[in-house]
$ cat query11.cif   # mmCIF, C-alpha atoms and all ligand atoms
data_input
#
loop_
_atom_site.label_atom_id
_atom_site.label_comp_id
_atom_site.auth_asym_id
_atom_site.auth_seq_id
_atom_site.Cartn_x
_atom_site.Cartn_y
_atom_site.Cartn_z
CA MET A 1 159.11 194.15 97.81
CA LYS A 2 162.21 196.24 98.27
CA HIS A 3 161.06 198.16 101.36
CA THR A 4 158.66 197.47 104.19
CA ILE A 5 157.38 200.68 105.73
CA THR A 6 155.08 201.14 108.71
CA LEU A 7 152.12 203.34 107.77
CA ILE A 8 150.13 205.19 110.43
CA PRO A 9 147.26 206.91 108.60
CA GLY A 10 146.29 208.97 111.67
CA ASP A 11 143.12 210.98 112.36
CA GLY A 12 141.12 213.71 110.63
CA ILE A 13 142.69 214.46 107.24
CA GLY A 14 145.45 211.89 108.03
CA PRO A 15 144.00 208.95 106.07
CA GLU A 16 143.25 211.22 103.07
CA VAL A 17 146.75 212.66 102.83
CA ALA A 18 148.46 209.36 103.75
CA SER A 19 146.69 207.37 101.01
CA THR A 20 147.52 210.14 98.53
CA VAL A 21 151.22 210.00 99.39
CA VAL A 22 151.23 206.19 99.17
CA ARG A 23 149.73 206.50 95.67
CA ILE A 24 152.37 209.02 94.56
CA ILE A 25 155.29 207.02 96.01
CA GLU A 26 154.05 203.91 94.22
CA ALA A 27 153.69 205.89 90.98
CA ALA A 28 157.34 206.92 91.40
CA GLY A 29 158.19 203.22 91.02
CA VAL A 30 159.29 202.47 94.57
CA GLU A 31 158.34 198.97 95.67
CA VAL A 32 156.89 199.15 99.15
CA ALA A 33 155.01 196.73 101.36
CA TRP A 34 153.05 198.96 103.74
CA GLU A 35 152.27 197.69 107.24
CA THR A 36 149.30 199.74 108.40
CA HIS A 37 148.89 200.39 112.12
CA TYR A 38 146.57 202.57 114.17
CA ALA A 39 147.48 204.90 117.00
CA GLY A 40 145.64 207.38 119.23
CA ALA A 41 141.87 207.27 119.70
CA GLN A 42 141.39 204.65 116.97
CA ALA A 43 143.88 202.29 118.65
CA LEU A 44 142.42 202.98 122.09
CA GLU A 45 139.02 201.85 120.86
CA LYS A 46 140.37 198.72 119.12
CA PHE A 47 143.23 197.60 121.39
CA GLY A 48 142.78 199.50 124.67
CA THR A 49 146.01 201.48 124.25
CA THR A 50 146.94 204.54 122.18
CA LEU A 51 150.32 203.12 121.21
CA PRO A 52 149.90 199.36 120.59
CA PRO A 53 153.10 197.30 121.10
CA GLU A 54 152.61 195.83 117.57
CA LEU A 55 153.01 199.34 116.15
CA LEU A 56 156.27 199.95 118.02
CA GLU A 57 157.55 196.50 117.04
CA SER A 58 156.67 197.21 113.40
CA ILE A 59 158.67 200.47 113.38
CA LYS A 60 161.62 198.84 115.17
CA ARG A 61 161.61 196.02 112.63
CA ASN A 62 161.19 198.21 109.55
CA LYS A 63 163.26 201.15 110.88
CA VAL A 64 161.01 203.57 109.04
CA ALA A 65 157.45 204.86 109.27
CA LEU A 66 155.23 207.35 107.47
CA LYS A 67 152.73 208.94 109.80
CA GLY A 68 149.63 211.07 109.39
CA PRO A 69 148.63 213.56 112.11
CA ILE A 70 147.01 212.28 115.29
CA THR A 71 144.42 214.18 117.32
CA THR A 72 145.43 214.90 120.91
CA PRO A 73 142.65 215.86 123.32
CA ILE A 74 143.29 219.26 124.92
CA GLY A 75 143.55 219.58 128.70
CA LYS A 76 142.25 216.05 129.40
CA GLY A 77 142.26 212.52 128.00
CA PHE A 78 145.26 210.53 126.80
CA THR A 79 148.75 211.97 126.51
CA SER A 80 150.13 212.82 123.06
CA VAL A 81 150.82 209.80 120.88
CA ASN A 82 153.43 211.80 119.01
CA VAL A 83 155.34 212.47 122.22
CA GLY A 84 154.92 208.80 123.24
CA LEU A 85 156.22 207.56 119.91
CA ARG A 86 159.25 209.83 120.03
CA LYS A 87 160.01 208.70 123.60
CA ALA A 88 159.43 204.99 122.98
CA LEU A 89 161.74 204.93 119.97
CA ASP A 90 164.11 207.65 121.23
CA LEU A 91 163.58 209.67 118.05
CA TYR A 92 165.72 212.48 119.38
CA ALA A 93 166.17 214.65 116.30
CA ASN A 94 163.30 216.47 114.65
CA LEU A 95 164.17 217.89 111.26
CA ARG A 96 161.95 220.47 109.59
CA PRO A 97 163.12 221.90 106.28
CA ILE A 98 161.35 225.19 105.55
CA ARG A 99 161.48 226.00 101.86
CA ALA A 100 159.13 228.19 99.89
CA LEU A 101 157.41 226.56 96.91
CA PRO A 102 156.86 228.22 93.52
CA ASN A 103 153.59 230.13 93.09
CA VAL A 104 152.49 229.70 96.68
CA PRO A 105 151.46 233.09 98.02
CA CYS A 106 153.83 233.78 100.89
CA ARG A 107 155.91 236.48 102.49
CA TYR A 108 159.33 235.02 101.72
CA PRO A 109 159.46 233.16 98.39
CA GLU A 110 163.26 232.72 98.59
CA LEU A 111 163.33 231.26 102.09
CA ASN A 112 165.24 228.03 102.61
CA LEU A 113 166.13 227.16 106.19
CA VAL A 114 166.11 224.05 108.36
CA ILE A 115 164.98 223.66 111.94
CA VAL A 116 166.68 220.99 114.05
CA ARG A 117 164.61 220.45 117.18
CA GLU A 118 165.56 218.39 120.23
CA ASN A 119 162.69 215.96 120.48
CA THR A 120 162.78 214.29 123.88
CA GLU A 121 163.13 216.84 126.70
CA SER A 122 162.13 220.29 127.94
CA LEU A 123 158.59 221.36 128.88
CA TYR A 124 157.22 219.61 125.80
CA ALA A 125 157.89 216.25 127.49
CA GLY A 126 154.72 217.08 129.46
CA LEU A 127 156.04 216.07 132.90
CA GLU A 128 153.37 217.76 135.01
CA HIS A 129 151.64 217.16 138.31
CA VAL A 130 149.25 218.85 140.68
CA VAL A 131 151.18 220.06 143.72
CA VAL A 132 148.02 220.99 145.66
CA PRO A 133 144.62 221.77 144.14
CA GLY A 134 144.97 225.00 142.16
CA VAL A 135 148.76 224.70 141.77
CA VAL A 136 150.48 222.65 139.07
CA GLU A 137 154.13 222.07 138.34
CA SER A 138 155.54 221.42 134.86
CA LEU A 139 159.11 220.20 134.72
CA LYS A 140 161.67 221.45 132.24
CA ILE A 141 164.38 218.80 132.13
CA ILE A 142 167.46 219.56 130.05
CA THR A 143 170.40 217.17 130.08
CA GLU A 144 173.96 217.49 128.86
CA LYS A 145 173.62 214.16 127.06
CA ALA A 146 170.54 215.07 125.01
CA SER A 147 171.74 218.63 124.33
CA THR A 148 175.14 217.43 123.12
CA ARG A 149 173.57 214.70 120.99
CA ILE A 150 171.21 217.12 119.19
CA ALA A 151 173.94 219.74 118.73
CA ARG A 152 176.14 217.08 117.14
CA TYR A 153 173.25 215.99 114.92
CA ALA A 154 172.77 219.61 113.76
CA PHE A 155 176.47 220.03 112.91
CA GLU A 156 176.71 216.65 111.17
CA TYR A 157 173.56 217.44 109.18
CA SER A 158 174.92 220.87 108.22
CA ARG A 159 178.25 219.39 107.15
CA ARG A 160 176.52 216.69 105.05
CA GLU A 161 174.08 219.13 103.41
CA GLY A 162 176.58 221.95 102.88
CA ARG A 163 174.84 224.33 105.28
CA LYS A 164 177.03 227.19 106.50
CA LYS A 165 175.62 228.50 109.77
CA ILE A 166 173.73 227.22 112.82
CA THR A 167 171.83 229.58 115.12
CA CYS A 168 170.98 228.21 118.54
CA GLY A 169 167.78 229.75 119.95
CA HIS A 170 167.54 229.95 123.75
CA LYS A 171 166.42 231.93 126.78
CA ALA A 172 169.64 231.49 128.74
CA ASN A 173 169.41 235.07 130.05
CA ILE A 174 166.43 233.99 132.19
CA MET A 175 166.68 230.19 132.39
CA LYS A 176 170.37 230.33 133.10
CA LEU A 177 170.67 226.69 134.15
CA SER A 178 168.45 224.82 131.70
CA ASP A 179 168.81 226.90 128.54
CA GLY A 180 172.31 227.79 129.72
CA LEU A 181 173.25 224.10 129.59
CA PHE A 182 171.67 223.67 126.14
CA LEU A 183 173.68 226.67 124.87
CA ASP A 184 176.93 225.50 126.49
CA CYS A 185 176.62 222.08 124.83
CA PHE A 186 176.02 223.77 121.47
CA ARG A 187 179.10 225.96 121.90
CA LYS A 188 181.26 223.00 122.94
CA VAL A 189 180.22 220.86 119.97
CA ALA A 190 180.68 223.86 117.65
CA THR A 191 184.44 223.86 118.33
CA GLU A 192 184.66 220.52 116.49
CA TYR A 193 183.15 222.04 113.32
CA PRO A 194 185.18 225.20 112.62
CA GLU A 195 183.91 225.42 109.02
CA ILE A 196 180.33 226.00 110.23
CA GLU A 197 179.48 229.36 111.79
CA ALA A 198 177.94 228.97 115.25
CA ASP A 199 175.62 231.79 116.23
CA ASP A 200 173.05 232.13 119.00
CA LYS A 201 170.05 234.31 119.66
CA ILE A 202 167.63 234.78 122.53
CA ILE A 203 164.46 233.10 121.36
CA ASP A 204 162.10 236.11 121.47
CA ASN A 205 164.53 238.17 119.41
CA ALA A 206 165.04 235.19 117.08
CA CYS A 207 161.26 235.12 116.47
CA MET A 208 161.19 238.81 115.60
CA GLN A 209 164.23 238.43 113.33
CA LEU A 210 162.55 235.45 111.63
CA VAL A 211 159.54 237.58 110.77
CA MET A 212 161.57 240.62 109.66
CA ARG A 213 164.75 239.18 108.09
CA PRO A 214 164.53 235.37 107.91
CA GLU A 215 167.20 235.10 105.22
CA GLN A 216 169.88 235.55 107.92
CA PHE A 217 169.07 232.01 109.20
CA ASP A 218 170.40 228.82 107.67
CA VAL A 219 169.98 226.05 110.28
CA MET A 220 168.26 226.74 113.62
CA LEU A 221 168.93 224.52 116.64
CA LEU A 222 166.17 224.64 119.24
CA GLU A 223 165.07 222.78 122.35
CA ASN A 224 161.78 220.93 122.14
CA LEU A 225 159.12 223.54 122.98
CA TYR A 226 160.77 226.44 121.15
CA GLY A 227 161.23 224.12 118.16
CA ASP A 228 157.56 223.23 118.17
CA ILE A 229 156.43 226.86 118.18
CA VAL A 230 159.07 228.26 115.85
CA SER A 231 158.50 225.59 113.21
CA ASP A 232 154.84 226.64 112.90
CA LEU A 233 155.95 230.27 112.74
CA CYS A 234 158.33 229.34 109.91
CA ALA A 235 155.58 227.39 108.14
CA GLY A 236 153.63 230.64 108.15
CA LEU A 237 156.53 232.47 106.49
CA ILE A 238 156.35 230.20 103.46
CA GLY A 239 152.61 229.83 103.03
CA GLY A 240 151.18 227.65 105.77
CA LEU A 241 151.00 224.36 107.56
CA GLY A 242 149.89 222.33 104.59
CA LEU A 243 153.37 222.51 103.06
CA VAL A 244 156.05 221.75 105.64
CA PRO A 245 157.55 218.28 106.12
CA GLY A 246 159.07 216.77 109.24
CA ALA A 247 161.23 213.84 110.20
CA ASN A 248 161.82 212.32 113.64
CA ILE A 249 165.11 210.50 113.59
CA GLY A 250 166.87 208.25 116.11
CA GLU A 251 169.24 205.31 116.20
CA LEU A 252 166.36 202.79 116.15
CA GLY A 253 164.59 204.26 113.15
CA ALA A 254 162.83 207.28 111.71
CA VAL A 255 159.24 208.49 111.55
CA PHE A 256 158.34 210.90 108.76
CA GLU A 257 155.34 213.15 109.28
CA ALA A 258 153.79 216.47 108.33
CA VAL A 259 154.09 219.39 110.73
CA HIS A 260 150.36 220.12 110.61
CA GLY A 261 147.66 218.49 112.74
CA SER A 262 144.57 216.48 111.90
CA ALA A 263 142.64 219.56 110.67
CA PRO A 264 139.22 218.43 111.96
CA ASP A 265 137.61 221.47 110.30
CA ILE A 266 138.23 220.07 106.79
CA ALA A 267 138.47 216.31 107.48
CA GLY A 268 136.61 213.97 105.15
CA GLN A 269 136.00 216.60 102.49
CA GLY A 270 138.79 215.54 100.12
CA ILE A 271 140.26 219.06 100.03
CA ALA A 272 143.34 218.70 102.27
CA ASN A 273 146.69 219.69 100.89
CA PRO A 274 148.90 216.55 100.87
CA THR A 275 152.11 218.52 100.14
CA ALA A 276 153.47 218.43 103.70
CA LEU A 277 153.19 214.66 103.99
CA LEU A 278 154.40 214.25 100.41
CA GLN A 279 157.50 216.30 101.21
CA SER A 280 157.98 214.12 104.30
CA GLY A 281 157.66 211.11 101.98
CA ILE A 282 160.37 212.58 99.76
CA LEU A 283 162.65 212.99 102.80
CA MET A 284 161.83 209.36 103.62
CA LEU A 285 162.81 208.19 100.13
CA ARG A 286 166.19 209.91 100.54
CA TYR A 287 166.59 208.28 103.97
CA LEU A 288 165.92 204.91 102.26
CA ASP A 289 168.51 205.80 99.63
CA GLU A 290 165.84 205.92 96.90
CA ARG A 291 167.45 209.09 95.61
CA GLU A 292 166.30 208.83 92.03
CA ALA A 293 162.65 208.31 92.98
CA ALA A 294 162.94 211.15 95.50
CA GLU A 295 164.26 213.52 92.81
CA ARG A 296 161.61 212.44 90.32
CA THR A 297 158.78 212.94 92.80
CA GLU A 298 160.14 216.27 93.97
CA LYS A 299 160.62 217.51 90.43
CA ALA A 300 157.05 216.52 89.48
CA MET A 301 155.67 218.24 92.59
CA LEU A 302 157.69 221.41 91.94
CA ASN A 303 156.54 221.41 88.29
CA VAL A 304 152.90 221.30 89.36
CA PHE A 305 153.52 224.21 91.71
CA ALA A 306 155.47 226.15 89.08
CA GLU A 307 152.62 225.79 86.57
CA GLY A 308 150.26 227.04 89.27
CA LYS A 309 147.16 225.54 87.63
CA VAL A 310 146.38 222.78 90.11
CA ARG A 311 146.41 224.06 93.66
CA THR A 312 144.47 223.11 96.79
CA ARG A 313 142.20 225.59 98.56
CA ASP A 314 144.49 226.41 101.48
CA ILE A 315 146.91 228.05 99.03
CA GLY A 316 144.33 229.84 96.92
CA GLY A 317 143.34 227.12 94.42
CA THR A 318 140.25 225.01 93.92
CA ALA A 319 141.74 221.54 93.34
CA ARG A 320 140.75 218.55 95.40
CA THR A 321 143.40 216.37 97.05
CA SER A 322 143.01 213.68 94.37
CA GLU A 323 143.28 216.17 91.48
CA PHE A 324 146.51 217.53 92.90
CA ALA A 325 147.89 213.98 93.20
CA ASP A 326 146.78 213.17 89.63
CA ALA A 327 148.65 216.24 88.35
CA ILE A 328 151.88 215.16 90.08
CA ILE A 329 151.58 211.57 88.87
CA SER A 330 150.99 212.69 85.28
CA LYS A 331 154.25 214.70 85.44
CA MET A 332 156.15 211.54 86.38
CA LYS A 333 155.06 209.61 83.29
P1 LIG A 401 145.93 221.79 112.46
O1 LIG A 401 147.28 221.79 111.86
O2 LIG A 401 145.19 220.50 112.43
O3 LIG A 401 145.02 222.89 111.73
C1 LIG A 401 145.31 224.29 111.74
C2 LIG A 401 144.67 224.94 110.50
O4 LIG A 401 145.45 224.59 109.35
C3 LIG A 401 143.24 224.47 110.21
O5 LIG A 401 142.50 225.54 109.71
C4 LIG A 401 143.42 223.41 109.14
O6 LIG A 401 142.31 223.27 108.28
C5 LIG A 401 144.64 223.92 108.38
N1 LIG A 401 145.43 222.80 107.82
C6 LIG A 401 146.29 221.99 108.50
N2 LIG A 401 146.79 221.07 107.67
C7 LIG A 401 146.27 221.30 106.45
C8 LIG A 401 146.40 220.66 105.19
N3 LIG A 401 147.22 219.61 105.01
N4 LIG A 401 145.70 221.15 104.15
C9 LIG A 401 144.91 222.21 104.30
N5 LIG A 401 144.73 222.87 105.47
C10 LIG A 401 145.40 222.40 106.54
O7 LIG A 401 146.10 222.31 113.96
P2 LIG A 401 145.10 222.25 115.19
O8 LIG A 401 143.72 222.60 114.75
O9 LIG A 401 145.78 223.07 116.23
O10 LIG A 401 145.13 220.74 115.70
C11 LIG A 401 144.14 219.78 115.40
C12 LIG A 401 144.54 218.46 116.05
O11 LIG A 401 145.76 217.97 115.48
C13 LIG A 401 144.79 218.55 117.56
O12 LIG A 401 144.21 217.44 118.17
C14 LIG A 401 146.29 218.49 117.69
O13 LIG A 401 146.71 217.93 118.91
C15 LIG A 401 146.65 217.60 116.52
N6 LIG A 401 148.04 217.80 116.03
C16 LIG A 401 148.72 216.69 115.65
C17 LIG A 401 149.98 216.79 115.13
C18 LIG A 401 150.67 215.54 114.72
O14 LIG A 401 150.11 214.46 114.80
N7 LIG A 401 151.89 215.62 114.25
C19 LIG A 401 150.65 218.09 114.98
C20 LIG A 401 149.83 219.22 115.36
C21 LIG A 401 148.56 219.06 115.88
#

$ encode --input "query11.cif" --output "structure tokens"
Amino acid sequence: MKHTITLIPGDGIGPEVASTVVRIIEAAGVEVAWETHYAGAQALEKFGTTLPPELLESIKRNKVALKGPITTPIGKGFTSVNVGLRKALDLYANLRPIRALPNVPCRYPELNLVIVRENTESLYAGLEHVVVPGVVESLKIITEKASTRIARYAFEYSRREGRKKITCGHKANIMKLSDGLFLDCFRKVATEYPEIEADDKIIDNACMQLVMRPEQFDVMLLENLYGDIVSDLCAGLIGGLGLVPGANIGELGAVFEAVHGSAPDIAGQGIANPTALLQSGILMLRYLDEREAAERTEKAMLNVFAEGKVRTRDIGGTARTSEFADAIISKMK
């Protein structure tokens, strides 16, 4: 086998969309040995921990993982496996390309922007404690090191992909120290990349501008919590959560995953849209330098969308997950 990839099927619709993507990648002719590992509630039941050491070792060894969504209990229970995984492997850059697909009903069919989200700090790190009963404190940690590292990642990415402008979203008018530091680091790094326009916007205004005139954005650089919220907003601009891919990248490896969650409301019915995880799989193929297979898979997927005959329910069709996969695979033959 040419590649060994860690596979985390996940919860809810995770196993359905993950097995579909595995089938499509194999049909594209990429030789992969998949090492399947469990995380979250399934792992807790089997191994007594939500993030088994074998899983982390597998990703460190293989340097790459494909991951389905994992259910996180709200307000109680174990802490997020996604956050744990990003911390344990220092996957500091979260990349979310937002591109409209042909024939998908959406507000902005021409939209093509990329969100670069800092993945390790800010309120999203979930550092919280009870000060006294009835009072909790949640810590927003922002460091110069992490802010500089993610800004540099955004500029390097933009240079490599021929992107022209980066907009840093922040609330430095109110959080002068924390968001102020994030913005300062962005501005400092920007001086090293004069060919790329460096812009910034206060995050609430940026959200309104995204809804009204999203074409003004090219790459958006955001701290962790803003990035989490804005990437779902952007998914909505192009037709929903079932479509948008994501990659978590660090020096030790990369984990490719969909932006959506485990969708418990439709789990087990065979109707989930696998496009988001498939697009993450395509990003993964490029990361593995399987460019030809990535192009072939992407072209087949775009053809199926362009024809508009086979579409899953979330985007107005009637096709089941497997029928959608069959249509893509038949285009690759
Ligand atoms: P969700 O993304 O699971 O679902 C929101 C809505 O979008 C639902 O109506 C669902 O049916 C629909 N949807 C999502 N993905 C779809 C797909 N591929 N095809 C068709 N429809 C799709 O968000 P929700 O309900 O807030 O979260 C459910 C669980 O997922 C929670 O436990 C949450 O913590 C977890 N989650 C995990 C993530 C991850 O592992 N990366 C990311 C986001 C949420």

$ residues_near_ligand --input "query11.cif" --ligand "ligand LIG 401 (chain A)" --cutoff "9 Å" --atoms "only C-alpha atoms and all ligand atoms" --output "mmCIF file with C-alpha atoms, keeping the file's coordinate frame"
data_model
loop_
_atom_site.group_PDB
_atom_site.id
_atom_site.type_symbol
_atom_site.label_atom_id
_atom_site.label_comp_id
_atom_site.auth_asym_id
_atom_site.auth_seq_id
_atom_site.Cartn_x
_atom_site.Cartn_y
_atom_site.Cartn_z
ATOM 1 C CA GLY A 10 146.290 208.970 111.670
ATOM 2 C CA ASP A 11 143.120 210.980 112.360
ATOM 3 C CA GLY A 12 141.120 213.710 110.630
ATOM 4 C CA ILE A 13 142.690 214.460 107.240
ATOM 5 C CA GLY A 14 145.450 211.890 108.030
ATOM 6 C CA VAL A 17 146.750 212.660 102.830
ATOM 7 C CA LYS A 67 152.730 208.940 109.800
ATOM 8 C CA GLY A 68 149.630 211.070 109.390
ATOM 9 C CA PRO A 69 148.630 213.560 112.110
ATOM 10 C CA ILE A 70 147.010 212.280 115.290
ATOM 11 C CA THR A 71 144.420 214.180 117.320
ATOM 12 C CA THR A 72 145.430 214.900 120.910
ATOM 13 C CA PRO A 73 142.650 215.860 123.320
ATOM 14 C CA ILE A 74 143.290 219.260 124.920
ATOM 15 C CA SER A 80 150.130 212.820 123.060
ATOM 16 C CA VAL A 81 150.820 209.800 120.880
ATOM 17 C CA ASN A 82 153.430 211.800 119.010
ATOM 18 C CA GLY A 240 151.180 227.650 105.770
ATOM 19 C CA LEU A 241 151.000 224.360 107.560
ATOM 20 C CA GLY A 242 149.890 222.330 104.590
ATOM 21 C CA LEU A 243 153.370 222.510 103.060
ATOM 22 C CA GLY A 246 159.070 216.770 109.240
ATOM 23 C CA GLU A 257 155.340 213.150 109.280
ATOM 24 C CA ALA A 258 153.790 216.470 108.330
ATOM 25 C CA VAL A 259 154.090 219.390 110.730
ATOM 26 C CA HIS A 260 150.360 220.120 110.610
ATOM 27 C CA GLY A 261 147.660 218.490 112.740
ATOM 28 C CA SER A 262 144.570 216.480 111.900
ATOM 29 C CA ALA A 263 142.640 219.560 110.670
ATOM 30 C CA PRO A 264 139.220 218.430 111.960
ATOM 31 C CA ASP A 265 137.610 221.470 110.300
ATOM 32 C CA ILE A 266 138.230 220.070 106.790
ATOM 33 C CA ALA A 267 138.470 216.310 107.480
ATOM 34 C CA ILE A 271 140.260 219.060 100.030
ATOM 35 C CA ALA A 272 143.340 218.700 102.270
ATOM 36 C CA ASN A 273 146.690 219.690 100.890
ATOM 37 C CA PRO A 274 148.900 216.550 100.870
ATOM 38 C CA THR A 275 152.110 218.520 100.140
ATOM 39 C CA ALA A 276 153.470 218.430 103.700
ATOM 40 C CA LEU A 277 153.190 214.660 103.990
ATOM 41 C CA THR A 312 144.470 223.110 96.790
ATOM 42 C CA ARG A 313 142.200 225.590 98.560
ATOM 43 C CA ASP A 314 144.490 226.410 101.480
ATOM 44 C CA ILE A 315 146.910 228.050 99.030
ATOM 45 C CA THR A 321 143.400 216.370 97.050
#

$ closest_atom_pairs --input "query11.cif" --of "stretch 250-290 of chain A" --to "stretch 46-63 of chain A" --cutoff "8 Å" --atoms "all atoms listed in the file" --output "CSV"
residue,atom,partner,partner_atom,distance
A:Leu252,CA,A:Lys60,CA,6.2
A:Gly253,CA,A:Lys63,CA,4.1
A:Ala254,CA,A:Lys63,CA,6.2

$ residues_around --input "query11.cif" --residues "A:Arg86" --least-positions-apart "6" --cutoff "10 Å" --atoms "all atoms listed in the file" --output "MDAnalysis selection string"
chainID A and resid 92:94 119:120 125 248:250 254:255

$ write_last_selection --input "query11.cif" --atoms "C-alpha atoms" --output "tab-separated table (two decimals), in the coordinates of the input"
chain	number	residue	atom	x	y	z
A	92	TYR	CA	165.72	212.48	119.38
A	93	ALA	CA	166.17	214.65	116.30
A	94	ASN	CA	163.30	216.47	114.65
A	119	ASN	CA	162.69	215.96	120.48
A	120	THR	CA	162.78	214.29	123.88
A	125	ALA	CA	157.89	216.25	127.49
A	248	ASN	CA	161.82	212.32	113.64
A	249	ILE	CA	165.11	210.50	113.59
A	250	GLY	CA	166.87	208.25	116.11
A	254	ALA	CA	162.83	207.28	111.71
A	255	VAL	CA	159.24	208.49	111.55

$ closest_atom_pairs --input "query11.cif" --of "stretch 218-253 of chain A" --to "stretch 130-149 of chain A" --cutoff "10 Å" --atoms "all atoms listed in the file" --output "tab-separated table"
residue	atom	partner	partner_atom	distance
A:Leu222	CA	A:Ser147	CA	9.6
A:Glu223	CA	A:Ser147	CA	8.1
A:Asn224	CA	A:Ile142	CA	9.8
A:Leu225	CA	A:Lys140	CA	9.8

$ closest_residue --input "query11.cif" --among "A:Val64, A:Ala293, A:Ile238, A:Leu285" --to "A:Pro105" --atoms "only C-alpha atoms"
A:Ile238

$ residues_around --input "query11.cif" --residues "A:Cys106" --least-positions-apart "4" --cutoff "8 Å" --atoms "all atoms listed in the file" --output "tab-separated table (two decimals) with C-alpha atoms, keeping the file's coordinate frame"
chain	number	residue	atom	x	y	z
A	100	ALA	CA	159.13	228.19	99.89
A	236	GLY	CA	153.63	230.64	108.15
A	237	LEU	CA	156.53	232.47	106.49
A	238	ILE	CA	156.35	230.20	103.46
A	239	GLY	CA	152.61	229.83	103.03

$ atom_distance --input "query11.cif" --atom1 "atom CA of A:Val230" --atom2 "atom CA of A:Glu16"
26.5 Å

$ closest_residue --input "query11.cif" --among "A:Leu288, A:Ala190, A:Val114, A:Leu123" --to "A:Val219" --atoms "all atoms listed in the file"
A:Val114

$ residues_around --input "query11.cif" --residues "stretch 27-39 of chain A" --least-positions-apart "2" --cutoff "7 Å" --atoms "only C-alpha atoms" --output "PDB file with C-alpha atoms, in the coordinates of the input"
ATOM      1  CA  MET A   1     159.110 194.150  97.810  1.00  0.00           C
ATOM      2  CA  LYS A   2     162.210 196.240  98.270  1.00  0.00           C
ATOM      3  CA  HIS A   3     161.060 198.160 101.360  1.00  0.00           C
ATOM      4  CA  THR A   4     158.660 197.470 104.190  1.00  0.00           C
ATOM      5  CA  ILE A   5     157.380 200.680 105.730  1.00  0.00           C
ATOM      6  CA  THR A   6     155.080 201.140 108.710  1.00  0.00           C
ATOM      7  CA  LEU A   7     152.120 203.340 107.770  1.00  0.00           C
ATOM      8  CA  ILE A   8     150.130 205.190 110.430  1.00  0.00           C
ATOM      9  CA  GLY A  10     146.290 208.970 111.670  1.00  0.00           C
ATOM     10  CA  ARG A  23     149.730 206.500  95.670  1.00  0.00           C
ATOM     11  CA  ILE A  24     152.370 209.020  94.560  1.00  0.00           C
ATOM     12  CA  ILE A  25     155.290 207.020  96.010  1.00  0.00           C
ATOM     13  CA  ALA A  41     141.870 207.270 119.700  1.00  0.00           C
ATOM     14  CA  GLN A  42     141.390 204.650 116.970  1.00  0.00           C
ATOM     15  CA  ALA A  43     143.880 202.290 118.650  1.00  0.00           C
ATOM     16  CA  THR A  50     146.940 204.540 122.180  1.00  0.00           C
ATOM     17  CA  LEU A  51     150.320 203.120 121.210  1.00  0.00           C
ATOM     18  CA  LEU A  55     153.010 199.340 116.150  1.00  0.00           C
ATOM     19  CA  ALA A 293     162.650 208.310  92.980  1.00  0.00           C
ATOM     20  CA  THR A 297     158.780 212.940  92.800  1.00  0.00           C
ATOM     21  CA  ILE A 329     151.580 211.570  88.870  1.00  0.00           C
ATOM     22  CA  MET A 332     156.150 211.540  86.380  1.00  0.00           C
TER      23      MET A 332
END

$ closest_residue --input "query11.cif" --among "A:Lys188, A:His170, A:Arg96, A:Lys309" --to "A:Val244" --atoms "all atoms listed in the file"
A:Arg96

$ closest_residue --input "query11.cif" --among "A:Gly162, A:Gly281, A:Gly270, A:Gly77" --to "A:Phe256" --atoms "only C-alpha atoms"
A:Gly281

$ atom_distance --input "query11.cif" --atom1 "atom CA of A:Ala327" --atom2 "atom CA of A:Leu233"
29.1 Å

$ closest_residue --input "query11.cif" --among "A:Val22, A:Ala294, A:Leu95, A:Cys207" --to "A:Ile150" --atoms "all atoms listed in the file"
A:Leu95

$ closest_residue --input "query11.cif" --among "A:Gly40, A:Pro194, A:Gly317, A:Gly308" --to "A:Asn103" --atoms "all atoms listed in the file"
A:Gly308

$ atom_distance --input "query11.cif" --atom1 "atom CA of A:Pro109" --atom2 "atom CA of A:Glu215"
10.5 Å

$ residues_around --input "query11.cif" --residues "A:Lys165" --least-positions-apart "4" --cutoff "7 Å" --atoms "only C-alpha atoms" --output "NGL selection string"
:A and (196-198 or 218-219)

$ residues_around --input "query11.cif" --residues "A:Ala154" --least-positions-apart "3" --cutoff "7 Å" --atoms "only C-alpha atoms" --output "compact mmCIF listing (two decimals) with C-alpha atoms, keeping the file's coordinate frame"
# COMPACT_ATOMS: atom_id res chain seq x y z
CA VAL A 116 166.68 220.99 114.05
CA ILE A 150 171.21 217.12 119.19
CA ALA A 151 173.94 219.74 118.73
CA TYR A 157 173.56 217.44 109.18
CA SER A 158 174.92 220.87 108.22
CA LEU A 221 168.93 224.52 116.64
